[in-house]
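Text of target11.cif, listed as mmCIF, C-alpha atoms:
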data_input
loop_
_atom_site.label_atom_id
_atom_site.label_comp_id
_atom_site.auth_asym_id
_atom_site.auth_seq_id
_atom_site.Cartn_x
_atom_site.Cartn_y
_atom_site.Cartn_z
CA MET A 1 0.00 0.00 0.00
CA ARG A 2 1.31 3.39 -0.99
CA LEU A 3 1.71 6.09 1.62
CA ILE A 4 -1.00 8.29 0.12
CA ASP A 5 -3.50 5.42 0.19
CA ALA A 6 -2.63 4.66 3.80
CA ALA A 7 -3.06 8.32 4.79
CA PHE A 8 -6.51 8.61 3.18
CA GLY A 9 -7.48 5.19 4.55
CA ALA A 10 -6.56 6.24 8.09
CA LEU A 11 -8.62 9.42 7.70
CA GLY A 12 -11.50 7.28 6.44
CA LEU A 13 -11.25 4.95 9.45
CA VAL A 14 -11.41 7.91 11.83
CA LEU A 15 -14.37 9.42 9.95
CA ALA A 16 -16.29 6.14 9.73
CA ALA A 17 -15.71 5.28 13.38
CA GLY A 18 -16.59 8.82 14.47
CA THR A 19 -19.76 8.72 12.39
CA ALA A 20 -20.84 5.41 13.87
CA TYR A 21 -20.23 6.72 17.38
CA ALA A 22 -22.01 10.02 16.71
CA ALA A 23 -24.99 8.36 15.04
CA LEU A 24 -25.49 6.01 17.99
CA ASP A 25 -25.18 8.95 20.38
CA SER A 26 -27.51 11.22 18.43
CA ASP A 27 -31.06 12.42 18.98
CA LEU A 28 -32.11 10.01 16.27
CA THR A 29 -31.44 7.03 18.49
CA ALA A 30 -31.81 8.60 21.95
CA ALA A 31 -35.15 9.35 23.60
CA ARG A 32 -36.07 13.01 23.38
CA PRO A 33 -36.94 14.98 26.50
CA THR A 34 -40.59 15.85 26.98
CA PRO A 35 -41.24 19.39 25.75
CA VAL A 36 -41.71 21.89 28.54
CA GLN A 37 -45.17 23.31 29.23
CA ILE A 38 -45.44 26.90 30.38
CA GLU A 39 -48.53 28.90 31.11
CA HIS A 40 -49.47 31.82 28.97
CA ASP A 41 -47.70 34.89 30.30
CA GLY A 42 -50.10 37.57 29.14
CA PHE A 43 -48.18 38.46 26.02
CA GLU A 44 -50.41 39.21 23.05
CA ALA A 45 -49.25 38.82 19.49
CA PRO A 46 -49.69 41.88 17.27
CA GLU A 47 -53.10 41.94 15.65
CA GLY A 48 -53.43 40.12 12.38
CA ASP A 49 -50.01 38.55 12.72
CA GLU A 50 -50.42 35.01 11.58
CA GLY A 51 -46.71 34.34 11.80
CA TYR A 52 -46.95 34.16 15.56
CA ASP A 53 -47.87 30.81 16.92
CA ARG A 54 -49.67 31.15 20.24
CA ARG A 55 -48.71 27.76 21.53
CA ASP A 56 -47.48 27.64 25.09
CA GLY A 57 -44.02 26.20 25.34
CA TYR A 58 -42.20 24.78 22.43
CA GLU A 59 -40.82 21.56 21.12
CA ASP A 60 -37.24 20.74 20.42
CA ARG A 61 -36.16 21.91 16.96
CA GLU A 62 -39.41 23.67 16.33
CA GLU A 63 -39.01 27.03 14.70
CA GLU A 64 -41.23 29.94 15.50
CA GLU A 65 -41.33 33.31 13.92
CA TYR A 66 -42.30 36.33 15.82
CA GLY A 67 -43.82 39.13 13.81
CA ARG A 68 -42.64 38.75 10.20
CA SER A 69 -42.95 42.45 9.66
CA GLY A 70 -41.57 43.35 13.06
CA GLY A 71 -43.44 44.27 16.17
CA PRO A 72 -42.95 45.94 19.50
CA ILE A 73 -41.02 43.97 22.09
CA PRO A 74 -43.33 42.75 24.82
CA GLN A 75 -42.53 43.45 28.46
CA ALA A 76 -40.79 40.61 30.17
CA SER A 77 -43.46 39.19 32.41
CA ALA A 78 -40.82 37.33 34.37
CA GLN A 79 -39.41 40.64 35.51
CA ASN A 80 -42.57 42.73 35.73
CA GLY A 81 -45.30 40.30 36.61
CA GLN A 82 -47.97 42.75 35.47
CA ASP A 83 -50.91 40.46 35.94
CA GLY A 84 -49.63 38.77 39.05
CA ALA A 85 -49.26 35.54 37.14
CA GLY A 86 -45.68 36.21 36.16
CA GLN A 87 -43.82 33.18 34.97
CA THR A 88 -40.14 32.58 35.15
CA GLY A 89 -40.05 30.92 31.83
CA GLY A 90 -39.70 27.21 31.36
CA THR A 91 -38.86 26.41 34.94
CA GLN A 92 -42.35 27.36 36.01
CA SER A 93 -44.65 24.42 35.93
CA GLY A 94 -47.71 23.81 33.93
CA GLU A 95 -49.12 20.35 33.64
CA GLY A 96 -46.51 17.74 32.87
CA ALA A 97 -43.58 20.14 33.25
CA GLN A 98 -40.11 18.70 33.47
CA PRO A 99 -37.63 20.35 35.82
CA THR A 100 -34.80 19.47 33.44
CA ALA A 101 -36.29 21.45 30.54
CA GLN A 102 -34.75 24.59 29.10
CA PRO A 103 -35.30 27.61 31.31
CA LEU A 104 -35.51 30.31 28.65
CA SER A 105 -38.72 30.51 26.64
CA LEU A 106 -38.98 32.25 23.29
CA GLN A 107 -40.89 35.08 24.95
CA ASP A 108 -38.13 35.45 27.55
CA ALA A 109 -35.51 35.52 24.81
CA ILE A 110 -37.37 38.31 22.99
CA ALA A 111 -37.85 40.22 26.24
CA ARG A 112 -34.14 39.92 26.97
CA THR A 113 -33.42 41.43 23.57
CA GLY A 114 -35.58 44.38 24.59
CA ALA A 115 -33.62 44.71 27.82
CA MET A 116 -30.41 44.97 25.75
CA GLY A 117 -31.80 48.14 24.20
CA TYR A 118 -32.99 46.88 20.85
CA THR A 119 -36.25 48.39 19.70
CA ARG A 120 -37.76 45.95 17.26
CA VAL A 121 -37.48 42.20 16.88
CA LEU A 122 -37.76 41.12 13.26
CA GLU A 123 -37.32 37.39 13.66
CA ALA A 124 -36.66 34.98 16.49
CA GLU A 125 -36.13 31.29 16.16
CA TYR A 126 -35.01 28.37 18.25
CA GLU A 127 -32.40 26.13 16.73
CA HIS A 128 -30.20 23.50 18.33
CA GLY A 129 -30.38 24.94 21.83
CA ARG A 130 -29.86 28.54 20.77
CA TYR A 131 -32.17 31.40 20.06
CA GLU A 132 -31.26 33.30 16.93
CA ILE A 133 -32.81 36.73 17.16
CA GLU A 134 -32.76 39.39 14.49
CA ALA A 135 -33.53 42.86 15.80
CA LEU A 136 -33.02 46.54 15.03
CA ASP A 137 -30.90 48.79 17.22
CA ASP A 138 -31.81 52.40 18.06
CA GLN A 139 -30.19 53.52 14.79
CA GLY A 140 -32.31 51.10 12.79
CA ARG A 141 -29.42 48.78 11.95
CA LYS A 142 -30.03 45.05 11.82
CA VAL A 143 -28.40 43.02 14.60
CA GLU A 144 -28.12 39.27 15.08
CA ILE A 145 -28.13 38.01 18.65
CA TYR A 146 -27.54 34.44 19.75
CA LEU A 147 -28.82 33.43 23.19
CA ASP A 148 -28.16 30.14 24.92
CA ALA A 149 -31.57 28.57 25.63
CA GLN A 150 -30.25 26.83 28.74
CA THR A 151 -28.46 29.64 30.51
CA GLY A 152 -29.75 32.77 28.76
CA GLN A 153 -26.14 33.74 28.13
CA THR A 154 -25.41 35.93 25.10
CA LEU A 155 -23.27 33.82 22.79
CA LYS A 156 -22.79 36.27 19.97
CA GLN A 157 -23.98 39.67 18.99
CA GLY A 158 -23.21 41.39 15.75
CA TYR A 159 -24.37 43.40 12.84
CA ASP A 160 -25.76 41.54 9.89
CA ASP A 161 -23.73 42.12 6.74
CA MET B 162 -21.02 3.53 -31.98
CA THR B 163 -22.03 -0.01 -31.16
CA ASP B 164 -19.37 -2.47 -30.21
CA ALA B 165 -20.68 -5.03 -32.70
CA ALA B 166 -19.49 -2.86 -35.57
CA TYR B 167 -15.92 -3.03 -34.30
CA ASP B 168 -15.87 -6.46 -32.82
CA ASP B 169 -12.34 -6.64 -31.56
CA ASP B 170 -10.74 -6.15 -28.17
CA ALA B 171 -9.43 -2.71 -29.02
CA THR B 172 -12.91 -1.13 -28.97
CA ARG B 173 -14.82 -3.19 -26.41
CA PRO B 174 -15.60 -1.21 -23.23
CA VAL B 175 -13.43 -2.23 -20.30
CA PRO B 176 -14.27 -2.14 -16.60
CA VAL B 177 -12.91 1.01 -14.93
CA TRP B 178 -14.97 1.80 -11.84
CA ASP B 179 -15.73 -1.09 -9.51
CA LEU B 180 -19.13 -1.57 -7.88
CA ALA B 181 -18.07 0.02 -4.56
CA VAL B 182 -16.80 3.18 -6.28
CA ARG B 183 -20.03 3.56 -8.25
CA ALA B 184 -22.35 2.80 -5.33
CA LEU B 185 -20.50 5.21 -3.04
CA HIS B 186 -20.39 7.90 -5.76
CA TRP B 187 -24.16 7.89 -6.34
CA GLY B 188 -24.86 7.31 -2.65
CA LEU B 189 -22.89 10.43 -1.81
CA ALA B 190 -24.59 12.40 -4.58
CA GLY B 191 -28.02 11.34 -3.28
CA ALA B 192 -27.23 11.91 0.40
CA PHE B 193 -25.72 15.35 -0.22
CA THR B 194 -28.68 16.41 -2.38
CA LEU B 195 -31.13 15.21 0.26
CA ALA B 196 -29.20 16.93 3.05
CA TYR B 197 -28.99 20.18 1.08
CA LEU B 198 -32.70 20.22 0.28
CA THR B 199 -33.83 19.38 3.83
CA GLY B 200 -31.43 21.79 5.55
CA GLU B 201 -33.28 24.12 7.97
CA GLU B 202 -36.54 22.42 6.97
CA ILE B 203 -36.79 18.77 7.96
CA TRP B 204 -34.33 18.11 10.74
CA THR B 205 -34.65 14.36 11.14
CA ILE B 206 -34.09 13.64 7.46
CA HIS B 207 -31.34 16.26 7.36
CA GLU B 208 -29.51 14.54 10.21
CA VAL B 209 -29.86 11.06 8.72
CA ALA B 210 -28.59 12.37 5.37
CA GLY B 211 -25.68 14.12 7.12
CA PHE B 212 -24.63 10.93 8.88
CA ALA B 213 -24.95 9.09 5.56
CA VAL B 214 -22.64 11.64 3.88
CA ALA B 215 -20.01 11.21 6.60
CA ALA B 216 -20.27 7.41 6.54
CA ILE B 217 -20.05 7.23 2.73
CA VAL B 218 -17.00 9.51 2.60
CA GLY B 219 -15.37 7.46 5.38
CA LEU B 220 -15.98 4.23 3.45
CA ARG B 221 -14.71 5.75 0.19
CA LEU B 222 -11.51 6.88 1.90
CA ILE B 223 -11.00 3.37 3.27
CA TRP B 224 -11.82 1.83 -0.12
CA GLY B 225 -9.27 4.17 -1.70
CA ALA B 226 -6.64 2.51 0.47
CA VAL B 227 -7.63 -1.16 0.24
CA GLY B 228 -9.91 -1.42 -2.83
CA GLY B 229 -7.25 -1.79 -5.48
CA GLY B 230 -7.26 -0.83 -9.15
CA ARG B 231 -8.59 2.58 -10.14
CA ALA B 232 -10.30 3.06 -6.76
CA LEU B 233 -6.89 3.65 -5.15
CA PHE B 234 -5.91 7.22 -4.38
CA SER B 235 -2.41 6.43 -5.64
CA ASP B 236 -3.98 5.66 -9.04
CA PHE B 237 -5.31 9.16 -9.60
CA VAL B 238 -3.87 11.66 -7.11
CA ARG B 239 -1.07 13.58 -8.86
CA GLY B 240 1.10 16.44 -7.75
CA PRO B 241 -0.02 20.03 -8.32
CA ALA B 242 2.47 20.45 -11.19
CA THR B 243 0.95 17.55 -13.13
CA SER B 244 -2.59 18.78 -12.47
CA LEU B 245 -1.75 22.31 -13.61
CA ALA B 246 0.07 21.01 -16.71
CA TYR B 247 -3.03 19.00 -17.56
CA LEU B 248 -5.24 22.09 -17.17
CA GLY B 249 -2.83 23.92 -19.51
CA ASP B 250 -3.28 21.16 -22.12
CA LEU B 251 -7.04 21.39 -21.61
CA VAL B 252 -7.03 25.14 -22.29
CA ARG B 253 -4.92 24.60 -25.41
CA GLY B 254 -7.55 22.13 -26.56
CA ARG B 255 -5.60 18.89 -26.62
CA PRO B 256 -5.89 17.15 -23.25
CA ARG B 257 -4.66 13.59 -23.06
CA ARG B 258 -7.39 11.08 -22.31
CA TYR B 259 -7.08 9.08 -19.09
CA LEU B 260 -9.03 5.90 -18.48
CA GLY B 261 -9.38 6.64 -14.76
CA HIS B 262 -9.46 10.19 -13.42
CA ASN B 263 -7.40 12.78 -15.27
CA PRO B 264 -4.95 14.68 -12.99
CA ALA B 265 -7.34 17.60 -12.48
CA GLY B 266 -10.31 15.28 -11.94
CA GLY B 267 -8.41 13.20 -9.40
CA PHE B 268 -7.49 16.32 -7.47
CA PHE B 269 -11.09 17.49 -7.56
CA ALA B 270 -12.41 14.12 -6.36
CA VAL B 271 -10.30 14.56 -3.23
CA VAL B 272 -11.54 18.16 -2.85
CA LEU B 273 -15.16 16.99 -3.04
CA LEU B 274 -14.59 14.21 -0.52
CA LEU B 275 -12.93 16.58 1.94
CA LEU B 276 -15.56 19.31 1.44
CA THR B 277 -18.49 16.95 2.02
CA ALA B 278 -16.74 15.46 5.07
CA ALA B 279 -16.02 18.92 6.51
CA THR B 280 -19.64 19.98 5.91
CA ALA B 281 -20.96 16.89 7.69
CA VAL B 282 -18.56 17.21 10.64
CA SER B 283 -19.23 20.94 11.13
CA GLY B 284 -22.96 20.22 11.05
CA TRP B 285 -22.59 17.61 13.72
CA VAL B 286 -20.45 19.86 15.93
CA GLN B 287 -22.86 22.81 15.73
CA ALA B 288 -25.80 20.56 16.57
CA TYR B 289 -24.21 19.05 19.67
CA GLN B 290 -22.17 22.02 20.93
CA THR B 291 -25.26 24.06 21.59
CA SER B 292 -23.99 26.13 24.48
CA SER B 293 -20.67 27.32 23.20
CA LEU B 294 -19.18 29.88 20.89
CA LEU B 295 -17.61 26.98 18.98
CA GLY B 296 -21.12 25.78 18.20
CA ALA B 297 -22.19 29.22 16.96
CA LEU B 298 -19.10 29.48 14.75
CA MET B 299 -19.63 25.97 13.39
CA HIS B 300 -23.22 26.92 12.63
CA GLU B 301 -21.96 29.61 10.27
CA ALA B 302 -19.19 27.38 8.91
CA HIS B 303 -21.67 24.59 8.19
CA GLU B 304 -23.84 26.81 6.03
CA ALA B 305 -20.85 28.28 4.20
CA LEU B 306 -19.32 24.83 3.58
CA ALA B 307 -22.63 23.45 2.31
CA ASN B 308 -22.83 26.23 -0.28
CA ILE B 309 -19.16 25.89 -1.26
CA THR B 310 -19.74 22.15 -1.71
CA LEU B 311 -22.77 22.84 -3.89
CA GLY B 312 -20.63 25.11 -6.06
CA ALA B 313 -17.96 22.40 -6.29
CA VAL B 314 -20.59 19.82 -7.27
CA ILE B 315 -21.79 22.10 -10.08
CA LEU B 316 -18.19 22.49 -11.29
CA HIS B 317 -17.77 18.70 -11.11
CA ILE B 318 -20.89 18.11 -13.23
CA GLY B 319 -19.79 20.80 -15.69
CA ALA B 320 -16.36 19.17 -16.01
CA ALA B 321 -17.92 15.74 -16.59
CA VAL B 322 -20.08 17.18 -19.39
CA LEU B 323 -17.12 19.07 -20.93
CA MET B 324 -14.80 16.03 -20.89
CA SER B 325 -17.59 13.85 -22.30
CA LEU B 326 -17.91 16.25 -25.25
CA ILE B 327 -14.14 16.55 -25.80
CA HIS B 328 -13.50 12.80 -25.81
CA ARG B 329 -16.87 11.87 -27.36
CA GLU B 330 -17.96 9.54 -24.59
CA ASN B 331 -20.65 9.47 -21.89
CA LEU B 332 -18.84 9.80 -18.56
CA PRO B 333 -21.99 9.87 -16.36
CA ARG B 334 -23.08 6.59 -17.96
CA SER B 335 -19.61 5.15 -17.28
CA MET B 336 -20.13 5.98 -13.60
CA VAL B 337 -23.31 3.86 -13.76
CA THR B 338 -22.06 0.90 -15.82
CA GLY B 339 -18.46 1.14 -14.63
CA ARG B 340 -17.22 0.67 -18.19
CA LYS B 341 -15.40 2.89 -20.66
CA ARG B 342 -14.14 2.41 -24.15
CA PRO B 343 -10.40 1.73 -23.89
#
In structure tokens, write the structure found in this file.
Amino acid sequence: MRLIDAAFGALGLVLAAGTAYAALDSDLTAARPTPVQIEHDGFEAPEGDEGYDRRDGYEDREEEEYGRSGGPIPQASAQNGQDGAGQTGGTQSGEGAQPTAQPLSLQDAIARTGAMGYTRVLEAEYEHGRYEIEALDDQGRKVEIYLDAQTGQTLKQGYDD
Amino acid sequence: MTDAAYDDDATRPVPVWDLAVRALHWGLAGAFTLAYLTGEEIWTIHEVAGFAVAAIVGLRLIWGAVGGGRALFSDFVRGPATSLAYLGDLVRGRPRRYLGHNPAGGFFAVVLLLLTAATAVSGWVQAYQTSSLLGALMHEAHEALANITLGAVILHIGAAVLMSLIHRENLPRSMVTGRKRP
């Protein structure tokens, strides 16, 4: 066997073994956690906005859009508790809630964006444990913000090119 | 055109690509297409297709070491000088015909294998490193690599069509039947 064949073959062995390990370890073969249930926190979607899905809670890998044409950022009920039924996001229990579920709901993530000083949220989606939020800053420039759905930590923040 | 008209060994198509090479080639083409189309849309299928891409590339790399014949990397991987000289001949309109990969094609086969592997691996990392900056970076890298790979695939198809016209043969069909005229 020539050296070049051996080198590619070794790379192939690593890739094939890694793939087998990763596939067995993946969501496809593992049981998924039960989606968290949270109670409605008083936030109303803008009128006539069909892009907003008023489901409580969310499922893993489900995408939601908030206000395709942009809308005002709702007050964070977790911080204000306007109606006395303030929820602290996913940790608060509805029926069948799991304590291990992600603590930051989509509404919380949007509210957090408002707390950072951004005026309008254009799009917010959940993907692979992160919230990807597109918002406008006070100068009207488009910003992309990544929030960790587990910890609420800001992973990345930057202007869209 | 038919072999019957020239019934001697000099014109009968000869086996070039073995069954494993052909199956892995079309398997990779199918898996990449499926993964590209389901990206951001149908996650379960996208993940299965991504794992298939990584597995197929892994098997092809192994087969390129142990398969023998024209499947071997040593059969078609040439140095950059040879590949560039071949491209020069191509531009001047008189490229030599190779039964296996030509020097530029062999180089590009390796590029495609590495690109598809890198796309699959970056996709896996960004999906399972959800709480880190590495994951966020890989998320961007995965999308960029997928589009670069798509561009490379289009180049690959274009080159196959061009070389088929130049040498008056049907290269895509050869990748199905495994045979080429000698």
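Counting all atoms listed in the file, the residue from B:Gly225, B:Asn308, B:Gly254, B:Leu233 that sits nearest to Leu323 (chain B) is B:Gly254.
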Checklist entry - Mind pulling up the distance from CA of Tyr259 (chain B) to CA of Phe193 (chain B)? => result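 Here the two named atoms are 27.3 Å from each other.
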Checklist entry - Got a sec: who's within 6 Å of region 115-120 of chain A, counting all atoms listed in the file, leaving out chain neighbours fewer than 2 positions off, as a PyMOL selection string? => result chain A and resi 72+112-113+135-137
Checklist entry - Given the choices A:Leu122, A:Ala6, A:Ala23, A:Ala109, which gets closest to Leu147 (chain A) if the distance is worked out from only C-alpha atoms? => result A:Ala109
Checklist entry - Exactly which residues make up the result of the PyMOL selection byres ((chain B) within 9 of (chain A)) on this file, given as number ranges by chain? => result B: 204-205, 208-209, 212-213, 215-227, 233-235, 238, 278, 282, 285, 287-294, 297
Checklist entry - What does the distance from CA of Tyr247 (chain B) to CA of Ala265 (chain B) come to in Å, to one decimal? => result 6.8 Å
Checklist entry - So, counting all atoms listed in the file, which residue among B:Val175, B:Val286, B:Leu248, B:Leu198 is closest to Ala320 (chain B)? => result B:Leu248
